[in-house]
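Coordinates from model22.pdb are shown below (PDB, C-alpha atoms).
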ATOM      1  CA  MET H1047      -1.511 -25.615  18.350
ATOM      2  CA  ALA H1048      -0.808 -22.832  20.828
ATOM      3  CA  GLN H1049       1.673 -21.225  18.440
ATOM      4  CA  THR H1050      -0.903 -21.297  15.641
ATOM      5  CA  ALA H1051      -3.505 -19.658  17.886
ATOM      6  CA  VAL H1052      -1.073 -16.918  18.845
ATOM      7  CA  LEU H1053      -0.131 -16.336  15.206
ATOM      8  CA  VAL H1054      -3.750 -16.149  14.008
ATOM      9  CA  SER H1055      -4.727 -13.863  16.891
ATOM     10  CA  SER H1056      -1.821 -11.583  16.062
ATOM     11  CA  ILE H1057      -2.819 -11.477  12.383
ATOM     12  CA  LEU H1058      -6.409 -10.583  13.264
ATOM     13  CA  CYS H1059      -5.382  -7.832  15.686
ATOM     14  CA  LEU H1060      -2.787  -6.342  13.321
ATOM     15  CA  ALA H1061      -5.205  -6.391  10.384
ATOM     16  CA  PHE H1062      -7.975  -4.755  12.404
ATOM     17  CA  VAL H1063      -5.644  -2.005  13.641
ATOM     18  CA  LEU H1064      -4.239  -1.470  10.151
ATOM     19  CA  GLY H1065      -7.732  -1.134   8.682
ATOM     20  CA  PHE H1066      -8.818   1.258  11.431
ATOM     21  CA  ALA H1067      -5.737   3.465  11.033
ATOM     22  CA  THR H1068      -5.924   3.456   7.232
ATOM     23  CA  ARG H1069      -9.478   4.756   7.334
ATOM     24  CA  ARG H1070      -8.635   7.429   9.933
ATOM     25  CA  GLY H1071      -5.588   8.686   8.059
ATOM     26  CA  GLY H1072      -3.800   6.440   5.658
ATOM     27  CA  ILE H1073      -1.564   6.889   2.663
ATOM     28  CA  CYS H1074      -2.237   6.691  -1.045
ATOM     29  CA  VAL H1075       0.498   6.682  -3.670
ATOM     30  CA  VAL H1076      -1.825   8.262  -6.240
ATOM     31  CA  ALA H1077      -2.784  11.153  -3.957
ATOM     32  CA  ALA H1078       0.819  11.622  -2.789
ATOM     33  CA  THR H1079       2.154  11.775  -6.350
ATOM     34  CA  ASP H1080      -0.618  14.152  -7.437
ATOM     35  CA  GLN H1081       0.155  16.441  -4.497
ATOM     36  CA  TRP H1082       3.868  16.343  -5.281
ATOM     37  CA  VAL H1083       3.525  17.100  -9.010
ATOM     38  CA  THR H1084       0.498  19.380  -9.031
ATOM     39  CA  GLU H1085       0.875  21.276  -5.743
ATOM     40  CA  HIS H1086       4.672  20.990  -5.363
ATOM     41  CA  CYS H1087       4.113  19.623  -1.880
ATOM     42  CA  ALA H1088       6.008  16.512  -0.787
ATOM     43  CA  ASP H1089       4.166  15.777   2.486
ATOM     44  CA  GLY H1090       2.452  12.712   1.022
ATOM     45  CA  VAL H1091       5.733  11.417  -0.435
ATOM     46  CA  HIS H1092       7.379  11.876   2.967
ATOM     47  CA  ASP H1093       4.622   9.769   4.538
ATOM     48  CA  VAL H1094       5.154   6.969   2.010
ATOM     49  CA  VAL H1095       8.933   7.004   2.560
ATOM     50  CA  LEU H1096       8.492   7.051   6.339
ATOM     51  CA  ALA H1097       6.093   4.091   6.251
ATOM     52  CA  GLY H1098       8.608   2.131   4.165
ATOM     53  CA  ALA H1099      11.525   3.035   6.442
ATOM     54  CA  LEU H1100       9.596   2.080   9.568
ATOM     55  CA  ALA H1101       8.588  -1.184   7.936
ATOM     56  CA  GLY H1102      12.216  -1.850   7.009
ATOM     57  CA  ALA H1103      13.565  -1.191  10.498
ATOM     58  CA  VAL H1104      10.917  -3.339  12.197
ATOM     59  CA  LEU H1105      11.176  -6.118   9.619
ATOM     60  CA  MET H1106      14.958  -6.401   9.849
ATOM     61  CA  PHE H1107      14.967  -6.397  13.641
ATOM     62  CA  CYS H1108      12.224  -9.046  13.825
ATOM     63  CA  ALA H1109      13.814 -11.152  11.079
ATOM     64  CA  TRP H1110      17.092 -11.211  12.996
ATOM     65  CA  GLN H1111      15.378 -12.215  16.236
ATOM     66  CA  LEU H1112      12.665 -14.525  14.830
ATOM     67  CA  PRO H1113      13.825 -15.686  11.399
ATOM     68  CA  GLU H1114      11.463 -18.671  11.326
ATOM     69  CA  TRP H1115       8.391 -16.591  12.156
ATOM     70  CA  ILE H1116       9.119 -13.309  10.337
ATOM     71  CA  PRO H1117      11.209 -13.755   7.185
ATOM     72  CA  LEU H1118      12.402 -11.070   4.808
ATOM     73  CA  SER H1119      10.683 -10.937   1.446
ATOM     74  CA  GLN H1120      12.260 -12.897  -1.353
ATOM     75  CA  GLY H1121      12.939 -10.988  -4.544
ATOM     76  CA  TYR H1122      12.986 -11.552  -8.279
ATOM     77  CA  SER H1123      15.356 -10.240 -10.906
ATOM     78  CA  ILE H1124      14.334  -7.113 -12.803
ATOM     79  CA  SER H1125      12.947  -7.716 -16.273
ATOM     80  CA  ALA H1126      11.039  -5.840 -18.930
ATOM     81  CA  VAL H1127       7.880  -7.541 -17.641
ATOM     82  CA  THR H1128       8.535  -6.145 -14.154
ATOM     83  CA  LEU H1129       9.003  -2.603 -15.461
ATOM     84  CA  ALA H1130       5.945  -2.862 -17.696
ATOM     85  CA  GLY H1131       3.919  -4.209 -14.781
ATOM     86  CA  GLY H1132       4.906  -1.269 -12.578
ATOM     87  CA  ALA H1133       3.995   1.254 -15.270
ATOM     88  CA  LEU H1134       0.724  -0.540 -15.948
ATOM     89  CA  PHE H1135      -0.132  -0.523 -12.249
ATOM     90  CA  GLY H1136       0.405   3.254 -12.214
ATOM     91  CA  VAL H1137      -1.995   3.657 -15.130
ATOM     92  CA  GLY H1138      -4.589   1.474 -13.416
ATOM     93  CA  ALA H1139      -4.264   3.343 -10.128
ATOM     94  CA  TYR H1140      -4.766   6.644 -11.964
ATOM     95  CA  VAL H1141      -7.859   5.366 -13.776
ATOM     96  CA  ASN H1142      -9.209   4.072 -10.472
ATOM     97  CA  SER H1143      -8.359   7.356  -8.673
ATOM     98  CA  GLY H1144      -6.646   5.440  -5.901
ATOM     99  CA  CYS H1145      -4.289   2.577  -5.087
ATOM    100  CA  ALA H1146      -5.087  -0.378  -2.827
ATOM    101  CA  PHE H1147      -5.005   1.832   0.289
ATOM    102  CA  GLY H1148      -7.177   4.494  -1.320
ATOM    103  CA  THR H1149      -9.680   1.879  -2.456
ATOM    104  CA  LEU H1150      -9.953   0.514   1.087
ATOM    105  CA  VAL H1151     -10.634   4.008   2.450
ATOM    106  CA  LYS H1152     -13.378   4.699  -0.104
ATOM    107  CA  LEU H1153     -15.030   1.281   0.248
ATOM    108  CA  SER H1154     -15.057   1.329   4.044
ATOM    109  CA  GLY H1155     -16.681   4.766   3.940
ATOM    110  CA  GLY H1156     -19.600   3.412   1.931
ATOM    111  CA  ASN H1157     -18.582   4.367  -1.612
ATOM    112  CA  THR H1158     -20.036   1.401  -3.472
ATOM    113  CA  ASN H1159     -18.510   2.497  -6.784
ATOM    114  CA  TYR H1160     -15.226   1.012  -5.568
ATOM    115  CA  VAL H1161     -16.787  -2.430  -5.498
ATOM    116  CA  GLY H1162     -16.030  -2.175  -9.194
ATOM    117  CA  THR H1163     -12.328  -1.805  -8.358
ATOM    118  CA  VAL H1164     -12.238  -5.029  -6.379
ATOM    119  CA  ALA H1165     -14.256  -6.878  -9.017
ATOM    120  CA  GLY H1166     -11.959  -5.580 -11.736
ATOM    121  CA  ALA H1167      -8.790  -6.480  -9.840
ATOM    122  CA  VAL H1168     -10.031 -10.010  -9.205
ATOM    123  CA  THR H1169     -11.060 -10.395 -12.837
ATOM    124  CA  GLY H1170      -7.770  -9.054 -14.157
ATOM    125  CA  ALA H1171      -5.613 -11.169 -11.857
ATOM    126  CA  SER H1172      -7.659 -14.312 -12.552
ATOM    127  CA  LEU H1173      -7.567 -13.879 -16.318
ATOM    128  CA  MET H1174      -3.865 -13.079 -16.222
ATOM    129  CA  SER H1175      -3.104 -16.199 -14.194
ATOM    130  CA  SER H1176      -4.751 -18.320 -16.887
ATOM    131  CA  VAL H1177      -2.596 -16.936 -19.730
ATOM    132  CA  PHE H1178       0.597 -15.880 -17.952
ATOM    133  CA  VAL H1179       2.735 -17.994 -15.675
ATOM    134  CA  PHE H1180       5.310 -16.052 -13.681
ATOM    135  CA  SER H1181       8.534 -17.984 -14.148
ATOM    136  CA  GLY H1182      10.954 -15.992 -12.038
ATOM    137  CA  GLU H1183      13.107 -17.792  -9.491
ATOM    138  CA  PRO H1184      12.924 -16.155  -6.054
ATOM    139  CA  ALA H1185      16.169 -15.228  -4.362
ATOM    140  CA  PRO H1186      16.710 -14.477  -0.651
ATOM    141  CA  SER H1187      16.962 -10.866   0.419
ATOM    142  CA  ILE H1188      20.435  -9.338   0.374
ATOM    143  CA  LEU H1189      19.616  -8.021   3.853
ATOM    144  CA  ALA H1190      19.331 -11.537   5.320
ATOM    145  CA  GLY H1191      21.732 -12.044   8.196
ATOM    146  CA  ARG H1192      23.635  -9.449  10.179
ATOM    147  CA  THR H1193      25.971  -8.496   7.387
ATOM    148  CA  GLU H1194      27.641  -5.113   7.009
ATOM    149  CA  LEU H1195      25.229  -4.238   4.198
ATOM    150  CA  ALA H1196      22.219  -5.160   6.324
ATOM    151  CA  ILE H1197      23.491  -3.099   9.254
ATOM    152  CA  LEU H1198      24.101  -0.154   6.914
ATOM    153  CA  PHE H1199      20.527  -0.229   5.613
ATOM    154  CA  LEU H1200      19.120  -0.675   9.109
ATOM    155  CA  ALA H1201      21.002   2.467  10.105
ATOM    156  CA  LEU H1202      19.599   4.252   7.037
ATOM    157  CA  PHE H1203      16.044   3.235   7.937
ATOM    158  CA  ILE H1204      16.560   4.478  11.496
ATOM    159  CA  VAL H1205      17.987   7.810  10.270
ATOM    160  CA  ILE H1206      14.915   8.347   8.067
ATOM    161  CA  VAL H1207      12.590   7.573  10.968
ATOM    162  CA  VAL H1208      14.463   9.857  13.369
ATOM    163  CA  HIS H1209      14.509  12.670  10.798
ATOM    164  CA  ALA H1210      10.752  12.307  10.251
ATOM    165  CA  ALA H1211      10.133  12.303  14.007
ATOM    166  CA  TRP H1212      12.204  15.468  14.428
ATOM    167  CA  ARG H1213      10.395  17.084  11.491
ATOM    168  CA  ALA H1214       7.006  16.322  13.047
ATOM    169  CA  TYR H1215       8.177  17.651  16.432
ATOM    170  CA  ASP H1216       9.720  20.777  14.929
ATOM    171  CA  CYS H1217       6.496  21.579  13.057
ATOM    172  CA  ARG H1218       4.619  21.567  16.360
ATOM    173  CA  ARG H1219       6.913  24.137  17.963
ATOM    174  CA  PRO H1220       5.630  27.730  18.296
ATOM    175  CA  HIS H1221       8.279  29.153  15.946
ATOM    176  CA  ALA H1222       7.188  26.897  13.049
ATOM    177  CA  ALA H1223       6.225  29.267  10.247
ATOM    178  CA  GLN H1224       4.257  26.884   8.084
ATOM    179  CA  GLU H1225       1.408  24.639   9.071
ATOM    180  CA  THR H1226       1.594  20.992   8.106
ATOM    181  CA  PRO H1227      -0.891  18.183   8.660
ATOM    182  CA  ASP H1228       0.911  17.286  11.883
ATOM    183  CA  THR H1229       0.222  20.734  13.377
ATOM    184  CA  GLN H1230      -3.504  20.118  13.225
ATOM    185  CA  PRO H1231      -5.060  18.464  16.280
ATOM    186  CA  ALA H1232      -6.399  14.978  15.774
ATOM    187  CA  THR H1233     -10.169  14.797  15.379
ATOM    188  CA  ARG H1234     -12.670  12.001  15.633
ATOM    189  CA  ASP H1235     -12.610  11.421  11.887
ATOM    190  CA  LYS H1236      -8.982  12.236  11.068
ATOM    191  CA  TRP H1237      -5.779  11.226  12.783
ATOM    192  CA  ALA H1238      -2.502  13.063  12.377
ATOM    193  CA  PRO H1239       0.058  11.430  10.032
ATOM    194  CA  SER H1240       2.531  11.195  12.922
ATOM    195  CA  LEU H1241       0.166   8.667  14.522
ATOM    196  CA  VAL H1242      -1.165   6.860  11.443
ATOM    197  CA  ILE H1243       2.028   6.307   9.455
ATOM    198  CA  PRO H1244       3.873   4.349  12.186
ATOM    199  CA  ILE H1245       0.822   2.096  12.630
ATOM    200  CA  ILE H1246       0.596   1.411   8.895
ATOM    201  CA  GLY H1247       4.328   0.790   8.531
ATOM    202  CA  ILE H1248       4.673  -1.524  11.520
ATOM    203  CA  ALA H1249       1.374  -3.420  11.264
ATOM    204  CA  GLY H1250       1.637  -3.696   7.487
ATOM    205  CA  VAL H1251       5.083  -5.255   7.390
ATOM    206  CA  LEU H1252       4.348  -7.704  10.215
ATOM    207  CA  LEU H1253       1.202  -8.849   8.425
ATOM    208  CA  HIS H1254       2.963  -9.405   5.120
ATOM    209  CA  ALA H1255       5.785 -11.261   6.865
ATOM    210  CA  THR H1256       3.526 -13.547   8.913
ATOM    211  CA  ALA H1257       0.411 -13.993   6.762
ATOM    212  CA  GLY H1258       1.862 -13.906   3.250
ATOM    213  CA  ASP H1259      -0.589 -12.862   0.512
ATOM    214  CA  TRP H1260      -3.237 -11.746   2.956
ATOM    215  CA  THR H1261      -4.521  -8.505   1.372
ATOM    216  CA  TYR H1262      -8.151  -8.465   0.307
ATOM    217  CA  MET H1263      -7.345  -8.218  -3.400
ATOM    218  CA  ALA H1264      -4.819 -11.060  -3.196
ATOM    219  CA  VAL H1265      -7.211 -13.273  -1.252
ATOM    220  CA  LEU H1266     -10.122 -12.700  -3.634
ATOM    221  CA  SER H1267      -7.873 -13.160  -6.673
ATOM    222  CA  ARG H1268      -6.527 -16.479  -5.402
ATOM    223  CA  GLN H1269     -10.011 -17.704  -4.591
ATOM    224  CA  ALA H1270     -11.277 -16.755  -8.039
ATOM    225  CA  ALA H1271      -8.261 -18.393  -9.714
ATOM    226  CA  SER H1272      -8.850 -21.589  -7.729
ATOM    227  CA  ILE H1273     -12.451 -21.682  -8.967
ATOM    228  CA  LEU H1274     -11.315 -21.322 -12.574
ATOM    229  CA  ASP H1275      -8.548 -23.879 -12.095
ATOM    230  CA  PRO H1276      -9.029 -26.374  -9.234
ATOM    231  CA  ALA H1277      -5.309 -27.149  -9.346
ATOM    232  CA  PHE H1278      -4.532 -23.556  -8.322
ATOM    233  CA  PRO H1279      -4.238 -23.255  -4.515
ATOM    234  CA  GLY H1280      -6.742 -20.955  -2.855
ATOM    235  CA  ALA H1281      -5.942 -18.479  -0.093
ATOM    236  CA  ALA H1282      -4.998 -19.880   3.305
ATOM    237  CA  TRP H1283      -7.659 -19.352   5.954
ATOM    238  CA  PRO H1284      -5.455 -17.107   8.172
ATOM    239  CA  ALA H1285      -5.064 -14.800   5.173
ATOM    240  CA  VAL H1286      -8.825 -14.811   4.603
ATOM    241  CA  ALA H1287      -9.433 -14.003   8.268
ATOM    242  CA  GLY H1288      -6.855 -11.208   8.188
ATOM    243  CA  SER H1289      -8.420  -9.701   5.083
ATOM    244  CA  ALA H1290     -11.844  -9.733   6.734
ATOM    245  CA  ALA H1291     -10.422  -8.144   9.899
ATOM    246  CA  LEU H1292      -8.879  -5.371   7.783
ATOM    247  CA  PHE H1293     -12.278  -4.414   6.394
ATOM    248  CA  ILE H1294     -13.973  -4.706   9.777
ATOM    249  CA  GLY H1295     -11.396  -2.344  11.271
ATOM    250  CA  ALA H1296     -11.798   0.195   8.458
ATOM    251  CA  ILE H1297     -15.602   0.095   8.615
ATOM    252  CA  MET H1298     -15.514   0.446  12.397
ATOM    253  CA  ALA H1299     -13.319   3.526  12.005
ATOM    254  CA  ALA H1300     -15.836   5.061   9.589
ATOM    255  CA  VAL H1301     -18.824   4.209  11.795
ATOM    256  CA  THR H1302     -17.279   5.452  15.054
ATOM    257  CA  SER H1303     -16.234   8.723  13.425
ATOM    258  CA  ARG H1304     -19.706   9.077  11.881
ATOM    259  CA  THR H1305     -18.283   9.347   8.376
ATOM    260  CA  PHE H1306     -19.833   6.185   6.991
ATOM    261  CA  LYS H1307     -22.334   7.067   4.274
ATOM    262  CA  LEU H1308     -23.635   4.576   1.773
ATOM    263  CA  HIS H1309     -23.341   5.990  -1.757
ATOM    264  CA  LYS H1310     -25.594   4.824  -4.537
ATOM    265  CA  MET H1311     -23.553   3.079  -7.209
ATOM    266  CA  GLN H1312     -23.208   5.029 -10.462
ATOM    267  CA  SER H1313     -22.645   2.909 -13.524
ATOM    268  CA  ALA H1314     -20.138   5.287 -15.139
ATOM    269  CA  LEU H1315     -17.965   5.600 -12.022
ATOM    270  CA  ALA H1316     -18.213   1.914 -11.156
ATOM    271  CA  GLY H1317     -17.273   1.057 -14.736
ATOM    272  CA  ARG H1318     -14.218   3.309 -14.597
ATOM    273  CA  ASN H1319     -13.188   1.769 -11.288
ATOM    274  CA  PHE H1320     -13.686  -1.706 -12.737
ATOM    275  CA  ALA H1321     -11.363  -0.821 -15.627
ATOM    276  CA  GLY H1322      -8.761   0.633 -13.264
ATOM    277  CA  GLY H1323      -8.984  -2.368 -10.963
ATOM    278  CA  MET H1324      -8.663  -4.781 -13.866
ATOM    279  CA  ILE H1325      -5.499  -3.030 -15.066
ATOM    280  CA  MET H1326      -4.050  -3.150 -11.550
ATOM    281  CA  GLY H1327      -4.966  -6.835 -11.231
ATOM    282  CA  VAL H1328      -3.184  -7.689 -14.480
ATOM    283  CA  ALA H1329      -0.143  -5.660 -13.429
ATOM    284  CA  ALA H1330       0.015  -7.211  -9.957
ATOM    285  CA  ALA H1331       0.156 -10.680 -11.505
ATOM    286  CA  THR H1332       3.215  -9.754 -13.572
ATOM    287  CA  ILE H1333       5.297  -7.858 -10.982
ATOM    288  CA  PRO H1334       4.235  -9.862  -8.831
ATOM    289  CA  GLY H1335       2.363  -8.031  -6.037
ATOM    290  CA  GLY H1336       0.287  -4.897  -5.540
ATOM    291  CA  ASN H1337       1.568  -1.550  -4.323
ATOM    292  CA  ASP H1338       0.822  -2.298  -0.662
ATOM    293  CA  VAL H1339       2.890  -5.497  -0.753
ATOM    294  CA  LEU H1340       5.716  -3.770  -2.620
ATOM    295  CA  MET H1341       5.898  -0.729  -0.338
ATOM    296  CA  LEU H1342       5.524  -2.434   3.025
ATOM    297  CA  TYR H1343       7.338  -5.725   2.424
ATOM    298  CA  GLY H1344       9.224  -5.883  -0.862
ATOM    299  CA  ILE H1345      11.041  -2.549  -0.729
ATOM    300  CA  PRO H1346      11.976  -2.825   2.989
ATOM    301  CA  SER H1347      13.561  -6.180   2.048
ATOM    302  CA  LEU H1348      15.293  -4.576  -0.972
ATOM    303  CA  ALA H1349      13.591  -6.979  -3.379
ATOM    304  CA  PRO H1350      14.791  -5.904  -6.881
ATOM    305  CA  ASN H1351      11.399  -6.400  -8.525
ATOM    306  CA  ALA H1352       9.682  -4.323  -5.820
ATOM    307  CA  LEU H1353      12.160  -1.448  -6.172
ATOM    308  CA  ALA H1354      11.902  -1.411  -9.965
ATOM    309  CA  ALA H1355       8.115  -1.787 -10.105
ATOM    310  CA  CYS H1356       7.518   0.974  -7.542
ATOM    311  CA  ALA H1357       9.898   3.298  -9.381
ATOM    312  CA  THR H1358       8.117   2.814 -12.704
ATOM    313  CA  MET H1359       4.707   3.031 -11.036
ATOM    314  CA  ILE H1360       5.470   6.373  -9.376
ATOM    315  CA  GLY H1361       7.273   7.618 -12.483
ATOM    316  CA  THR H1362       4.239   6.781 -14.619
ATOM    317  CA  LEU H1363       1.867   8.517 -12.195
ATOM    318  CA  ALA H1364       4.139  11.575 -12.052
ATOM    319  CA  ALA H1365       4.248  11.763 -15.852
ATOM    320  CA  ILE H1366       0.461  11.495 -16.088
ATOM    321  CA  PHE H1367      -0.126  14.238 -13.531
ATOM    322  CA  TYR H1368       2.560  16.448 -15.110
ATOM    323  CA  VAL H1369       0.964  16.211 -18.554
ATOM    324  CA  LYS H1370      -2.503  16.680 -17.065
ATOM    325  CA  ASN H1371      -1.316  19.781 -15.218
ATOM    326  CA  ARG H1372       0.375  21.236 -18.318
ATOM    327  CA  LEU H1373      -2.828  20.797 -20.309
ATOM    328  CA  LYS H1374      -4.749  22.917 -17.830
ATOM    329  CA  PRO H1375      -5.383  26.563 -18.729
ATOM    330  CA  ALA H1376      -2.655  28.873 -17.401
ATOM    331  CA  ALA H1377      -5.092  30.576 -15.016
ATOM    332  CA  GLN H1378      -5.924  27.277 -13.323
ATOM    333  CA  ARG H1379      -2.231  26.392 -12.945
ATOM    334  CA  GLU H1380      -1.532  29.707 -11.233
ATOM    335  CA  LEU H1381      -4.323  29.039  -8.734
ATOM    336  CA  ALA H1382      -2.879  25.666  -7.765
ATOM    337  CA  PRO H1383      -1.745  25.672  -4.103
ATOM    338  CA  LYS H1384       1.966  25.473  -3.382
ATOM    339  CA  GLY H1385       3.509  23.255  -0.749
TER     340      GLY H1385
END

Encoded form using structure tokens:
Amino acid sequence: MAQTAVLVSSILCLAFVLGFATRRGGICVVAATDQWVTEHCADGVHDVVLAGALAGAVLMFCAWQLPEWIPLSQGYSISAVTLAGGALFGVGAYVNSGCAFGTLVKLSGGNTNYVGTVAGAVTGASLMSSVFVFSGEPAPSILAGRTELAILFLALFIVIVVHAAWRAYDCRRPHAAQETPDTQPATRDKWAPSLVIPIIGIAGVLLHATAGDWTYMAVLSRQAASILDPAFPGAAWPAVAGSAALFIGAIMAAVTSRTFKLHKMQSALAGRNFAGGMIMGVAAATIPGGNDVLMLYGIPSLAPNALAACATMIGTLAAIFYVKNRLKPAAQRELAPKG
């Protein structure tokens, strides 16, 4: 009983902190890819890689010390369905103008159009679960145990984290010629990436390892699927509580920074977000998992399906933004900021 109370309390605290930090800074794969392709600036990509590396280092250390409490993610073999699901998720995220993280930021700030995203994701995942049964057999992570391979990847994760820390420190030094987001002082409504990214990486991976499918889209999708099919198990109550704490933390961050503003829902925008969310929901059911689960739990565990799906998702987004940028008039392309 005491262990359960400690676990649930930890989930609630981690989810609240993750929601708060995501609203104050956060990462978004769609925005990072757009910045990389359109502006030739890789700051957002660096943040995504750093969050994954931090998650990997923390996850491996905790899994070695507490294997029963914090396991590595199991993985599935790569298939055409996995690759198609990753590409489809990229298309859905583009249509929605944001991934799961971006949707949380917009919703917690009062943008009611993104209610359509959540509704679409739940609808897509529920419908997909009724016509598609994922038949893959999970396999343990190749990083399980203190093998030479696991130690090698732990060292790689640490090198990436140390390099990012040095980069952030070096950009703050007086001789730094170019300003980056980390050179700007933190404000009430915006935290520097050097503070936000570690919180997201560490809190995110611990939540996925301890609470399972706890994200708000996963929880709502499982609940909807259980209504359609009573034999389908609904979300566990710790996951439901963690999902609620995530939103409370994000909304609190918006309110305390005085950036919360309720937007009137517009049918056209809400409809587009519903379509994007539905595509992402369908894709998440086939991979399986959304981009937050893949980045902060699957990839740090070297799950093959997570690596392949994320690669095709980012590749699809990059291709979309490249074509979109090439179709712009030459004058607009020349005015695009460079990184």

Output the residue selection produced by the PyMOL selection byres ((chain H and resi 1244) around 10) on the file above, formatted as number ranges by chain. H: 1067, 1093, 1096-1101, 1207, 1239-1243, 1245-1250

So how many Å separate atom CA of Val1094 of chain H and atom CA of Leu1342 of chain H, to one decimal?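 According to the coordinates, atom CA of Val1094 of chain H and atom CA of Leu1342 of chain H are separated by 9.5 Å.
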
Give as a ChimeraX atom specification the set of residues within 12 Å of the point (2.9, -5.1, -8.0), where distances use the file's coordinates and only C-alpha atoms. /H:1122,1127-1136,1138-1139,1145-1146,1167,1171,1263-1264,1325-1345,1349-1360

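Closest approach to Ala1210 of chain H among H:Thr1305, H:Pro1117, H:Ala1316, H:Asp1089 is made by H:Asp1089 (distances from only C-alpha atoms).
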
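Between atom CA of Met1106 of chain H and atom CA of Gly1258 of chain H the interatomic distance comes to 16.5 Å.
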
Looking at H:Leu1105, H:Val1063, H:Met1298, H:Ala1088, which one is nearest to Pro1346 of chain H, with distances taken over all atoms listed in the file?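 Of H:Leu1105, H:Val1063, H:Met1298, H:Ala1088, the one nearest Pro1346 of chain H, counting all atoms listed in the file, is H:Leu1105.
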
Between atom CA of Thr1256 of chain H and atom CA of Leu1053 of chain H, what is the distance in Å, rounded to a tenth? 7.8 Å

What does the PyMOL selection byres ((chain H and resi 1048-1052) around 12) select in this file, as a compact mmCIF listing (two decimals) with C-alpha atoms, in the frame of the given file?
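Final file, selection-v8.txt:
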# COMPACT_ATOMS: atom_id res chain seq x y z
CA MET H 1047 -1.51 -25.62 18.35
CA LEU H 1053 -0.13 -16.34 15.21
CA VAL H 1054 -3.75 -16.15 14.01
CA SER H 1055 -4.73 -13.86 16.89
CA SER H 1056 -1.82 -11.58 16.06
CA ILE H 1057 -2.82 -11.48 12.38
CA LEU H 1058 -6.41 -10.58 13.26
CA CYS H 1059 -5.38 -7.83 15.69
CA TRP H 1115 8.39 -16.59 12.16
CA THR H 1256 3.53 -13.55 8.91
CA ALA H 1257 0.41 -13.99 6.76
CA TRP H 1283 -7.66 -19.35 5.95
CA PRO H 1284 -5.46 -17.11 8.17
